[in-house]
Structure formats: structure tokens, C-alpha cells
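Visitor: If it helps, the file is called model.cif and holds mmCIF, C-alpha atoms:
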data_run
loop_
_atom_site.label_atom_id
_atom_site.label_comp_id
_atom_site.auth_asym_id
_atom_site.auth_seq_id
_atom_site.Cartn_x
_atom_site.Cartn_y
_atom_site.Cartn_z
CA MET A 1400 -27.99 -23.87 27.86
CA THR A 1401 -31.16 -23.08 25.96
CA SER A 1402 -31.41 -22.97 22.22
CA ASP A 1403 -31.93 -19.19 22.40
CA SER A 1404 -28.58 -18.69 24.10
CA ALA A 1405 -26.63 -21.26 22.12
CA PRO A 1406 -23.87 -19.75 19.99
CA ARG A 1407 -24.67 -19.49 16.31
CA PRO A 1408 -22.25 -21.00 13.81
CA ALA A 1409 -20.05 -18.59 11.89
CA LEU A 1410 -21.42 -17.35 8.60
CA PRO A 1411 -19.42 -19.09 5.82
CA ARG A 1412 -17.54 -16.61 3.65
CA ASP A 1413 -18.53 -18.52 0.51
CA ARG A 1414 -22.16 -17.66 1.24
CA ILE A 1415 -21.45 -13.93 1.46
CA ALA A 1416 -21.09 -11.77 -1.63
CA VAL A 1417 -19.71 -8.24 -1.75
CA LEU A 1418 -21.48 -5.70 -3.94
CA ILE A 1419 -19.47 -2.53 -4.55
CA THR A 1420 -21.20 0.43 -6.16
CA ALA A 1421 -19.05 2.47 -8.54
CA ALA A 1422 -21.40 3.69 -11.25
CA GLY A 1423 -21.68 7.30 -10.09
CA ARG A 1424 -20.10 10.31 -11.73
CA GLY A 1425 -18.82 12.03 -8.56
CA THR A 1426 -19.49 15.56 -9.81
CA ARG A 1427 -18.65 17.20 -6.47
CA MET A 1428 -15.00 16.21 -6.91
CA GLY A 1429 -14.70 18.23 -10.10
CA GLY A 1430 -12.38 17.23 -12.91
CA GLU A 1431 -13.03 14.92 -15.83
CA MET A 1432 -12.49 11.55 -14.13
CA PRO A 1433 -15.08 10.04 -11.75
CA LYS A 1434 -13.74 9.89 -8.21
CA GLN A 1435 -13.67 6.09 -8.00
CA TRP A 1436 -11.03 5.99 -10.74
CA LEU A 1437 -8.80 8.70 -9.29
CA PRO A 1438 -5.37 7.59 -8.07
CA LEU A 1439 -4.84 7.20 -4.34
CA SER A 1440 -1.20 6.51 -3.43
CA GLY A 1441 -0.56 4.87 -6.76
CA ARG A 1442 -3.78 2.86 -7.12
CA SER A 1443 -7.34 3.82 -7.95
CA VAL A 1444 -9.82 4.55 -5.17
CA LEU A 1445 -12.00 1.70 -6.41
CA ALA A 1446 -9.14 -0.81 -6.52
CA ARG A 1447 -8.36 -0.02 -2.89
CA SER A 1448 -12.04 -0.44 -1.96
CA ILE A 1449 -12.03 -3.87 -3.59
CA ASP A 1450 -8.78 -4.84 -1.85
CA ALA A 1451 -10.42 -4.25 1.52
CA PHE A 1452 -12.59 -7.33 0.90
CA ALA A 1453 -9.78 -9.76 0.19
CA GLY A 1454 -10.90 -13.19 1.37
CA PHE A 1455 -14.39 -12.95 -0.09
CA ASP A 1456 -14.78 -15.17 -3.13
CA ARG A 1457 -17.62 -13.31 -4.83
CA ILE A 1458 -17.25 -9.59 -5.49
CA VAL A 1459 -19.64 -7.79 -7.82
CA VAL A 1460 -18.88 -4.24 -8.94
CA THR A 1461 -21.39 -1.98 -10.64
CA VAL A 1462 -19.86 0.55 -13.03
CA HIS A 1463 -21.22 3.17 -15.38
CA PRO A 1464 -21.66 1.80 -18.93
CA ASP A 1465 -19.24 4.46 -20.17
CA ASP A 1466 -16.59 3.10 -17.79
CA MET A 1467 -16.95 -0.58 -18.69
CA ASP A 1468 -13.90 -0.75 -20.97
CA HIS A 1469 -11.78 1.00 -18.37
CA ALA A 1470 -13.09 -1.34 -15.67
CA LEU A 1471 -12.34 -4.43 -17.76
CA GLY A 1472 -8.79 -3.25 -18.27
CA GLU A 1473 -8.15 -2.51 -14.59
CA LEU A 1474 -10.35 -5.06 -12.83
CA GLY A 1475 -11.14 -7.77 -15.36
CA GLY A 1476 -10.76 -11.26 -13.91
CA ARG A 1477 -10.80 -10.07 -10.31
CA VAL A 1478 -14.49 -9.22 -9.97
CA THR A 1479 -17.85 -9.58 -11.70
CA LEU A 1480 -18.65 -6.34 -13.52
CA VAL A 1481 -22.26 -5.22 -13.92
CA ALA A 1482 -23.52 -2.15 -15.77
CA GLY A 1483 -25.10 0.29 -13.34
CA GLY A 1484 -28.35 2.19 -13.75
CA ALA A 1485 -29.52 5.78 -13.64
CA THR A 1486 -29.59 5.90 -9.82
CA ARG A 1487 -27.68 4.24 -7.04
CA SER A 1488 -30.70 2.12 -6.21
CA ASP A 1489 -30.92 0.98 -9.84
CA SER A 1490 -27.24 0.00 -9.77
CA VAL A 1491 -27.56 -1.92 -6.51
CA ARG A 1492 -30.60 -3.79 -7.75
CA ALA A 1493 -28.77 -4.75 -10.95
CA GLY A 1494 -25.97 -6.24 -8.86
CA LEU A 1495 -28.39 -8.05 -6.53
CA GLU A 1496 -30.25 -9.62 -9.43
CA VAL A 1497 -26.97 -11.21 -10.58
CA LEU A 1498 -26.61 -12.90 -7.19
CA GLU A 1499 -30.07 -14.44 -7.00
CA GLY A 1500 -29.98 -18.21 -7.31
CA SER A 1501 -26.20 -18.38 -6.92
CA GLY A 1502 -26.16 -19.96 -3.47
CA ILE A 1503 -25.32 -16.63 -1.84
CA THR A 1504 -27.32 -16.03 1.35
CA HIS A 1505 -25.99 -12.64 2.44
CA VAL A 1506 -24.54 -9.57 0.78
CA LEU A 1507 -22.35 -6.68 1.90
CA ILE A 1508 -23.10 -3.50 -0.07
CA HIS A 1509 -20.24 -1.02 -0.06
CA ASP A 1510 -19.53 2.37 -1.62
CA GLY A 1511 -16.67 2.16 -4.08
CA ALA A 1512 -15.57 5.61 -2.87
CA ARG A 1513 -14.81 4.29 0.65
CA PRO A 1514 -11.31 2.87 0.12
CA LEU A 1515 -10.23 2.82 3.78
CA VAL A 1516 -12.83 0.53 5.32
CA SER A 1517 -11.17 -1.65 7.94
CA ALA A 1518 -11.31 -5.39 8.48
CA ALA A 1519 -12.76 -4.64 11.93
CA ILE A 1520 -15.81 -2.89 10.46
CA ILE A 1521 -16.36 -5.60 7.87
CA GLY A 1522 -16.01 -8.24 10.55
CA ALA A 1523 -18.50 -6.50 12.84
CA VAL A 1524 -21.15 -6.39 10.10
CA VAL A 1525 -20.60 -10.06 9.24
CA GLU A 1526 -20.77 -11.02 12.93
CA ALA A 1527 -24.10 -9.20 13.33
CA LEU A 1528 -25.51 -11.14 10.38
CA ALA A 1529 -24.13 -14.38 11.78
CA GLN A 1530 -25.95 -13.65 15.04
CA GLY A 1531 -29.23 -13.52 13.18
CA ALA A 1532 -29.64 -9.89 12.14
CA GLN A 1533 -31.40 -9.49 8.80
CA ALA A 1534 -29.63 -6.18 8.29
CA ALA A 1535 -26.61 -4.49 9.87
CA ALA A 1536 -24.59 -1.39 9.10
CA PRO A 1537 -21.80 0.71 10.65
CA GLY A 1538 -22.65 4.12 12.02
CA LEU A 1539 -20.98 6.93 13.94
CA SER A 1540 -22.83 8.83 16.64
CA VAL A 1541 -23.18 12.53 15.82
CA THR A 1542 -21.18 14.50 18.37
CA ASP A 1543 -21.15 17.97 16.81
CA ALA A 1544 -23.88 20.55 17.28
CA LEU A 1545 -26.25 20.59 14.28
CA TRP A 1546 -27.41 23.77 12.58
CA ARG A 1547 -29.88 24.53 9.87
CA GLY A 1548 -28.82 27.26 7.51
CA THR A 1549 -29.71 29.17 4.40
CA GLU A 1550 -27.16 31.01 2.24
CA ASP A 1551 -24.41 30.62 4.85
CA VAL A 1552 -26.57 31.95 7.67
CA VAL A 1553 -27.71 29.87 10.65
CA THR A 1554 -31.48 29.64 10.67
CA GLY A 1555 -32.12 27.00 13.30
CA PHE A 1556 -30.85 24.02 15.25
CA ALA A 1557 -31.43 20.26 15.33
CA GLU A 1558 -31.22 17.79 18.19
CA ARG A 1559 -28.25 15.45 17.76
CA ALA A 1560 -29.28 12.82 20.32
CA GLY A 1561 -29.86 9.46 18.65
CA LEU A 1562 -28.43 10.57 15.31
CA TYR A 1563 -25.82 8.52 13.43
CA ARG A 1564 -23.69 9.11 10.36
CA ALA A 1565 -24.21 6.16 8.03
CA GLN A 1566 -21.27 4.22 6.63
CA THR A 1567 -20.78 1.09 4.56
CA PRO A 1568 -20.58 -1.86 4.08
CA GLN A 1569 -24.21 -2.45 4.89
CA GLY A 1570 -24.98 -6.14 5.28
CA PHE A 1571 -28.24 -7.93 4.52
CA ALA A 1572 -29.76 -11.30 4.06
CA LEU A 1573 -29.94 -11.46 0.28
CA PRO A 1574 -33.69 -12.26 0.01
CA VAL A 1575 -34.48 -9.35 2.33
CA ILE A 1576 -32.58 -6.65 0.46
CA LEU A 1577 -33.58 -7.94 -2.96
CA ALA A 1578 -37.26 -7.90 -1.97
CA ALA A 1579 -36.86 -4.37 -0.59
CA HIS A 1580 -35.41 -3.14 -3.88
CA ARG A 1581 -38.09 -4.82 -5.93
CA ALA A 1582 -40.81 -3.31 -3.75
CA ALA A 1583 -39.33 0.20 -3.69
CA ALA A 1584 -41.57 2.79 -5.29
CA GLU A 1585 -38.78 5.34 -5.28
CA ALA A 1586 -35.01 5.42 -4.86
CA ALA A 1587 -33.33 5.80 -1.48
CA PRO A 1588 -29.96 7.33 -0.51
CA ASP A 1589 -28.86 4.04 1.03
CA ASP A 1590 -30.06 0.47 1.39
CA VAL A 1591 -30.83 0.72 5.10
CA GLU A 1592 -33.66 3.10 4.30
CA LEU A 1593 -35.17 0.61 1.88
CA VAL A 1594 -35.34 -2.22 4.41
CA GLN A 1595 -36.59 0.21 7.04
CA ARG A 1596 -39.54 0.96 4.77
CA GLN A 1597 -40.33 -2.75 4.96
CA GLY A 1598 -40.41 -2.57 8.74
CA LEU A 1599 -37.19 -4.54 9.35
CA ALA A 1600 -34.79 -3.76 12.19
CA VAL A 1601 -31.25 -2.77 11.25
CA ARG A 1602 -28.44 -3.51 13.70
CA ILE A 1603 -25.93 -0.66 14.14
CA VAL A 1604 -22.29 -1.65 14.58
CA PRO A 1605 -19.46 0.80 15.37
CA GLY A 1606 -18.14 2.80 12.45
CA ASP A 1607 -14.75 4.48 12.09
CA GLU A 1608 -13.76 8.07 11.30
CA ASP A 1609 -11.15 6.77 8.85
CA ASN A 1610 -13.87 5.05 6.80
CA LEU A 1611 -14.44 8.27 4.90
CA LYS A 1612 -16.26 8.57 1.60
CA ILE A 1613 -14.23 10.35 -1.07
CA THR A 1614 -16.49 13.26 -1.98
CA TRP A 1615 -14.54 16.52 -2.05
CA PRO A 1616 -11.06 17.22 -3.47
CA GLY A 1617 -9.53 17.44 0.01
CA ASP A 1618 -10.73 13.93 0.84
CA LEU A 1619 -8.09 12.35 -1.40
CA GLU A 1620 -5.31 14.14 0.44
CA ARG A 1621 -6.76 13.08 3.79
CA ALA A 1622 -7.06 9.47 2.63
CA GLY A 1623 -3.44 9.54 1.51
CA ARG A 1624 -2.36 10.77 4.94
CA ILE A 1625 -4.29 7.95 6.62
CA LEU A 1626 -2.65 5.38 4.36
CA ARG A 1627 0.79 6.77 5.15
CA MET A 1628 0.06 6.64 8.88
CA ARG A 1629 -1.10 3.05 8.55
CA GLY A 1630 1.96 2.15 6.53
CA THR A 1631 -0.22 -0.02 4.30
CA ASP A 1632 0.64 1.95 1.18
CA MET A 1633 4.33 1.09 1.42
CA ASP A 1634 6.36 -1.80 0.11
CA VAL A 1635 9.53 -1.93 2.20
CA ARG A 1636 12.43 -4.08 1.01
CA LEU A 1637 15.61 -4.98 2.91
CA GLY A 1638 18.74 -6.26 1.20
CA ASN A 1639 22.14 -7.41 2.46
CA GLY A 1640 25.47 -7.48 0.65
CA TYR A 1641 28.84 -9.02 1.51
CA ASP A 1642 32.11 -8.80 -0.34
CA VAL A 1643 35.79 -9.63 0.17
CA HIS A 1644 38.92 -8.60 -1.71
CA ALA A 1645 42.49 -9.68 -1.03
CA PHE A 1646 45.42 -7.34 -0.74
CA GLY A 1647 48.00 -7.25 -3.51
CA PRO A 1648 50.66 -4.92 -4.84
CA GLY A 1649 49.84 -1.23 -4.88
CA ASP A 1650 49.98 2.07 -3.05
CA HIS A 1651 46.27 2.78 -2.51
CA VAL A 1652 42.85 1.21 -2.19
CA TRP A 1653 39.43 2.35 -3.38
CA LEU A 1654 36.86 2.19 -0.59
CA CYS A 1655 33.31 3.52 -0.96
CA GLY A 1656 34.37 5.67 -3.89
CA VAL A 1657 37.31 7.32 -2.11
CA GLN A 1658 40.96 6.69 -2.89
CA VAL A 1659 42.83 5.93 0.34
CA ALA A 1660 46.65 5.76 0.48
CA HIS A 1661 47.96 2.39 1.67
CA ASP A 1662 51.04 0.23 1.30
CA LYS A 1663 48.99 -2.37 -0.59
CA GLY A 1664 46.24 -2.46 -3.17
CA LEU A 1665 43.13 -4.62 -3.47
CA VAL A 1666 42.92 -7.31 -6.12
CA GLY A 1667 39.78 -7.62 -8.23
CA HIS A 1668 38.34 -7.69 -11.74
CA SER A 1669 37.20 -4.07 -11.41
CA ASP A 1670 38.70 -1.49 -9.07
CA ALA A 1671 38.00 -3.88 -6.14
CA ASP A 1672 36.01 -1.31 -4.13
CA VAL A 1673 34.83 -3.81 -1.54
CA GLY A 1674 32.48 -1.37 0.23
CA MET A 1675 30.74 -0.25 -2.93
CA HIS A 1676 30.39 -3.85 -4.13
CA ALA A 1677 28.69 -4.88 -0.90
CA LEU A 1678 26.28 -1.93 -1.08
CA THR A 1679 25.51 -2.59 -4.74
CA ASP A 1680 24.66 -6.21 -3.95
CA ALA A 1681 22.47 -5.07 -1.03
CA ILE A 1682 20.37 -2.95 -3.39
CA TYR A 1683 20.14 -5.72 -5.98
CA GLY A 1684 19.18 -8.11 -3.19
CA ALA A 1685 16.38 -5.87 -1.95
CA LEU A 1686 15.05 -5.76 -5.51
CA ALA A 1687 15.43 -9.55 -5.92
CA GLN A 1688 17.64 -8.78 -8.92
CA GLY A 1689 20.61 -11.02 -8.20
CA ASP A 1690 24.08 -9.55 -7.72
CA ILE A 1691 26.74 -7.57 -9.55
CA GLY A 1692 27.83 -10.65 -11.46
CA ARG A 1693 24.41 -10.99 -13.08
CA HIS A 1694 24.44 -7.43 -14.40
CA PHE A 1695 28.19 -7.03 -14.99
CA PRO A 1696 29.67 -10.51 -15.66
CA PRO A 1697 33.37 -10.75 -14.75
CA SER A 1698 33.83 -12.79 -17.94
CA ASP A 1699 33.10 -9.63 -19.94
CA PRO A 1700 36.40 -7.82 -20.57
CA GLN A 1701 34.74 -4.41 -20.76
CA TRP A 1702 34.41 -4.42 -16.96
CA LYS A 1703 38.12 -5.11 -16.37
CA GLY A 1704 39.34 -2.34 -14.07
CA ALA A 1705 35.97 -0.55 -14.23
CA ALA A 1706 35.11 2.04 -11.61
CA SER A 1707 32.67 0.48 -9.14
CA GLU A 1708 30.51 3.61 -9.19
CA ILE A 1709 29.18 2.27 -12.50
CA PHE A 1710 27.73 -0.72 -10.68
CA LEU A 1711 26.28 1.25 -7.76
CA ARG A 1712 24.76 3.90 -10.02
CA HIS A 1713 23.11 1.16 -12.09
CA ALA A 1714 21.64 -0.47 -8.97
CA ALA A 1715 20.27 2.87 -7.72
CA GLU A 1716 18.76 3.72 -11.09
CA LEU A 1717 17.22 0.25 -11.35
CA ALA A 1718 15.60 0.76 -7.95
CA ARG A 1719 14.13 4.08 -9.07
CA SER A 1720 12.87 2.57 -12.33
CA MET A 1721 11.02 -0.05 -10.26
CA GLY A 1722 9.41 2.66 -8.14
CA TYR A 1723 11.64 2.42 -5.06
CA ARG A 1724 13.54 5.07 -3.17
CA LEU A 1725 16.40 4.49 -0.77
CA GLY A 1726 15.34 4.67 2.85
CA ASN A 1727 18.87 4.22 4.17
CA ALA A 1728 22.11 2.39 3.49
CA ASP A 1729 24.63 1.16 6.04
CA VAL A 1730 28.13 -0.01 5.07
CA THR A 1731 30.65 -1.59 7.45
CA LEU A 1732 34.26 -2.11 6.41
CA VAL A 1733 36.19 -4.81 8.25
CA CYS A 1734 39.97 -4.34 8.31
CA GLU A 1735 42.94 -3.59 10.54
CA ARG A 1736 44.37 -1.05 8.13
CA PRO A 1737 43.98 1.44 6.56
CA LYS A 1738 42.17 3.50 9.17
CA ILE A 1739 38.69 4.36 7.90
CA GLY A 1740 37.59 7.00 10.42
CA PRO A 1741 39.39 9.95 8.79
CA HIS A 1742 37.75 9.15 5.44
CA ALA A 1743 34.26 8.05 6.56
CA GLY A 1744 32.65 11.46 5.93
CA ALA A 1745 34.02 11.65 2.39
CA MET A 1746 32.90 8.07 1.73
CA GLN A 1747 29.40 8.86 2.98
CA ALA A 1748 29.18 11.92 0.72
CA ARG A 1749 30.52 10.05 -2.31
CA LEU A 1750 28.12 7.12 -1.97
CA ALA A 1751 25.19 9.53 -1.54
CA GLU A 1752 26.26 11.46 -4.64
CA ILE A 1753 26.47 8.32 -6.77
CA MET A 1754 23.06 7.07 -5.61
CA GLY A 1755 21.43 10.50 -5.85
CA VAL A 1756 20.27 10.65 -2.23
CA GLU A 1757 20.85 12.83 0.82
CA PRO A 1758 24.09 12.04 2.73
CA GLU A 1759 22.12 11.53 5.95
CA ARG A 1760 20.59 8.40 4.40
CA VAL A 1761 24.03 6.78 4.13
CA SER A 1762 26.24 5.43 6.93
CA VAL A 1763 29.85 4.29 6.57
CA LYS A 1764 31.71 2.82 9.51
CA ALA A 1765 34.51 0.38 10.20
CA THR A 1766 35.53 -2.30 12.65
CA THR A 1767 38.43 -4.68 13.11
CA SER A 1768 38.27 -8.43 13.62
CA GLU A 1769 40.54 -8.24 16.69
CA ARG A 1770 43.43 -9.68 14.69
CA LEU A 1771 41.42 -12.80 13.93
CA GLY A 1772 40.91 -14.35 10.50
CA PHE A 1773 42.13 -13.11 7.13
CA THR A 1774 41.24 -9.49 7.90
CA GLY A 1775 43.06 -9.75 11.23
CA ARG A 1776 46.12 -11.06 9.41
CA GLU A 1777 45.79 -8.11 7.00
CA GLU A 1778 45.34 -10.39 4.02
CA GLY A 1779 42.37 -8.40 2.73
CA ILE A 1780 39.28 -6.33 3.51
CA ALA A 1781 35.69 -7.46 3.96
CA SER A 1782 32.51 -5.39 3.86
CA ILE A 1783 28.91 -5.94 4.80
CA ALA A 1784 26.10 -3.60 3.74
CA THR A 1785 22.39 -3.24 4.27
CA ALA A 1786 19.98 -1.22 2.12
CA THR A 1787 16.33 -0.38 2.77
CA LEU A 1788 14.17 0.42 -0.24
CA ILE A 1789 10.68 1.91 -0.01
CA ARG A 1790 7.96 2.04 -2.61
CA GLU A 1791 4.65 3.80 -2.03
CA ALA A 1792 1.98 1.55 -3.42
#
As C-alpha cells, what does this structure read like?

Guide:
Amino acid sequence: MTSDSAPRPALPRDRIAVLITAAGRGTRMGGEMPKQWLPLSGRSVLARSIDAFAGFDRIVVTVHPDDMDHALGELGGRVTLVAGGATRSDSVRAGLEVLEGSGITHVLIHDGARPLVSAAIIGAVVEALAQGAQAAAPGLSVTDALWRGTEDVVTGFAERAGLYRAQTPQGFALPVILAAHRAAAEAAPDDVELVQRQGLAVRIVPGDEDNLKITWPGDLERAGRILRMRGTDMDVRLGNGYDVHAFGPGDHVWLCGVQVAHDKGLVGHSDADVGMHALTDAIYGALAQGDIGRHFPPSDPQWKGAASEIFLRHAAELARSMGYRLGNADVTLVCERPKIGPHAGAMQARLAEIMGVEPERVSVKATTSERLGFTGREEGIASIATATLIREA
């Protein structure tokens, strides 16, 4: 194998810096807040752009001087903040100057308004640099017909062959892009143009339609749809609950909020609703908030004989206060008697009412233990429950 065909070593991540530009005003979006600070599924567009480069040690972000206090509050400690200039080129150069002499050999320059860039695109740019390219950038071939127009009237046509839509991150050897900015007599719409003026070849790697730049109001809605399809904007929690109560004297039992006639009662500190207790613990478990005993200690006399809906309603409200909604809940009651089937619909409706959700998100069912164990001997009732909680990030 010749030296020309020998594989090149991977480019160390600690030698690559990320420079994210976020100093623009984004006037085409309208409104008072620059687009990079607008919320996208619960987080700012810029924060999501930064998150895409997790794994890179050095991230520099250029922001408008008027936004510096806001940036410090939201991003301080995570990135190096640099005051941007009057133009994009001025802002990029300011960020590059910070990197000179730091041991960084390459830089990825990315638009802060592109929050959906994928790891695949970033990896392709880095790989091109590792293979020896001095510059590399993602692009999408133009597939639509191109028109020229004036005042909403078509005035001519343009050949689309060989045309690409530019995306970011655009990767460069640091000395190359810094020299190009220092030599530039005038600003350029992107950094590829600057190195092209210096006669350097730029490697094109595949772009992605989802790597959109937030520009118009509708772009935020589209970006939100993409995040929902990816599932990356969701925090999904699963919790399990288990509870047991023994039979004692009585003529009814409370199960999942419904009073069911029986020749025995259930013994417990509260109303001994075994199904509701299991579901309550499932929700607390999904939230990593302990169990009923943590929130309603049995040593506290005020909970003696309390209706278990108090506990379940508290768990549901706690979930909402933490930003979660109930995806679904599934409760299984284990007993020989009483028969649960005739009451399952009412139990489903009651649990849904207490939690403030649609009944179709709640399942209540029963099984026996085939006469085995304490439930088989009709010494008590057991219940297991599972709850799924979802929070959109």
C-alpha cells in the first residue's frame, strides 16, 4: 500500500472547535425577539443548535452585544460567548480570532438558526477534513426548476444543473479560513465563498432537507413537526406500582375509586383502595418521586381512612407541575372475588376523572392467581400498575 492510499488517522475532536453564529437580528421572522432565541418545543432555537454538537469540547458562540446578558443567563458556562460584529463575516472573524493559538486545527462554522442538523452531516464534514480537505460543506442538489421574476411575474429561467443549496456546518482548517477572513475585501454570504476567492477547493458532502434554516414564521412549525417525528423532543418516563391489602370485616371494598359490594372489606390506613394505590405509586415512580408513604406518611393521623383519590390526584397534579402528561395507565387487579369485569368500565372512568385525562388512556383489568397464594386463598387483593408519562422537551 502506498502512502497516498494509506488511511489517514481520525481527526481528534479536541482539535476541532465549533463556531456558531447567532448575532443576527432575523428581521424576516417578524416579532420583537431574534429568531435564534425563539422557543422550539420548549427550548430556544440556539440551544438546540448547540446541543447538536455535543461531544465537542470547544464551542464558541457569537451573539449580538445587545443579547449578551440574555446569552450569559441561558448559555453561560456551556460555551464561549463572543460579541458579534456588524455583518456575519465580522462575527465569524471575531470568533475565529479567539481560536488562534489555542491548539485548535480545524473549525466547524454553523448557523445558530439551524437547530436540526444531524450527527450524520456533522460526521461527514469532519470525515472530509480528516481525509485532507482544507474545506468541506454540506449541500443539496437543486432539483426544482429555477425562475427569474420581477414583481411576482416570471421573467426568465436559470439552468439548475450543477447547482447546490448551501448548508452548515462548513468545516475548514483553521489557518485557511482565518487567512481568508483577514484577506477579504468585502463580506460574503457564507464562508465557502471566502475560501473560494482564495482559490481553494471545497469538498461537498451530502446535506439533508431537515437541516433547515429558521427564516420565516412557518419554519418554526415545520421544525417542531420534524422534532416530533424524530421523537427527540420527548422525555418518556415509565413507572410501576404494586400494592397489597388483606381482607377484613366489612360489606364492600373500594377498588379504583368504585365501591364494590363484597362480604369482606380491605384493611388499610386509608380506604385501602389497592388499585388506586398501585397506580399512584406508578406515577410517583415515573417521576422518581418515591411512593405514597413519602408524600402521605401513614404515621400522620390526618390520612387515617382518607379517600385514595387524594393520593392519585396529588400524583397527577405533581406530574403536570413537572411538565409531564399521562400517556397511558394500566391497572391489573389480582383476586378471586369480587368479580371485576362488571365494574371495570366505571373504574376506568373514575380513574380518568381523578387524573384529568381521557378514559381511553386508562385500562383496568383483572386476573386470578388460579387459587394459588394469598389471593388464591382469598386472603386479600393485589394490584400492579404501569404509568407512562411524556414531557415535550

Visitor: Have a look at A:Glu1620, A:Glu1550, A:Asp1672, A:Asp1510 and name the one nearest to Gln1566 (chain A); count only C-alpha atoms.

Guide: A:Asp1510

Visitor: Mind giving me the straight-line distance from CA of Ala1565 (chain A) to CA of Glu1473 (chain A) in Å, one decimal?

Guide: 29.1 Å

Visitor: Give me the result of the PyMOL selection byres ((chain A and resi 1722) around 9) on this file, residue by residue, as a list in words.

Guide: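 Answer for the PyMOL selection byres ((chain A and resi 1722) around 9): Leu1717, Ala1718, Arg1719, Ser1720, Met1721, Tyr1723, Arg1724, Ile1789, Arg1790, Glu1791 and Ala1792 of chain A.
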
Visitor: Given the file above and the PyMOL selection byres ((chain A and resi 1580) around 10), which residues are selected, and can you give them as a VMD selection string?

Guide: chain A and resid 1488 to 1489 1491 to 1493 1495 to 1496 1575 to 1579 1581 to 1587 1590 1593 to 1594

Visitor: Of the residues A:Thr1567, A:Gln1595, A:Ser1762, A:Ser1698, which is the one nearest to Asn1610 (chain A), using all atoms listed in the file?

Guide: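 Using all atoms listed in the file, the shortest distance to Asn1610 (chain A) belongs to A:Thr1567.
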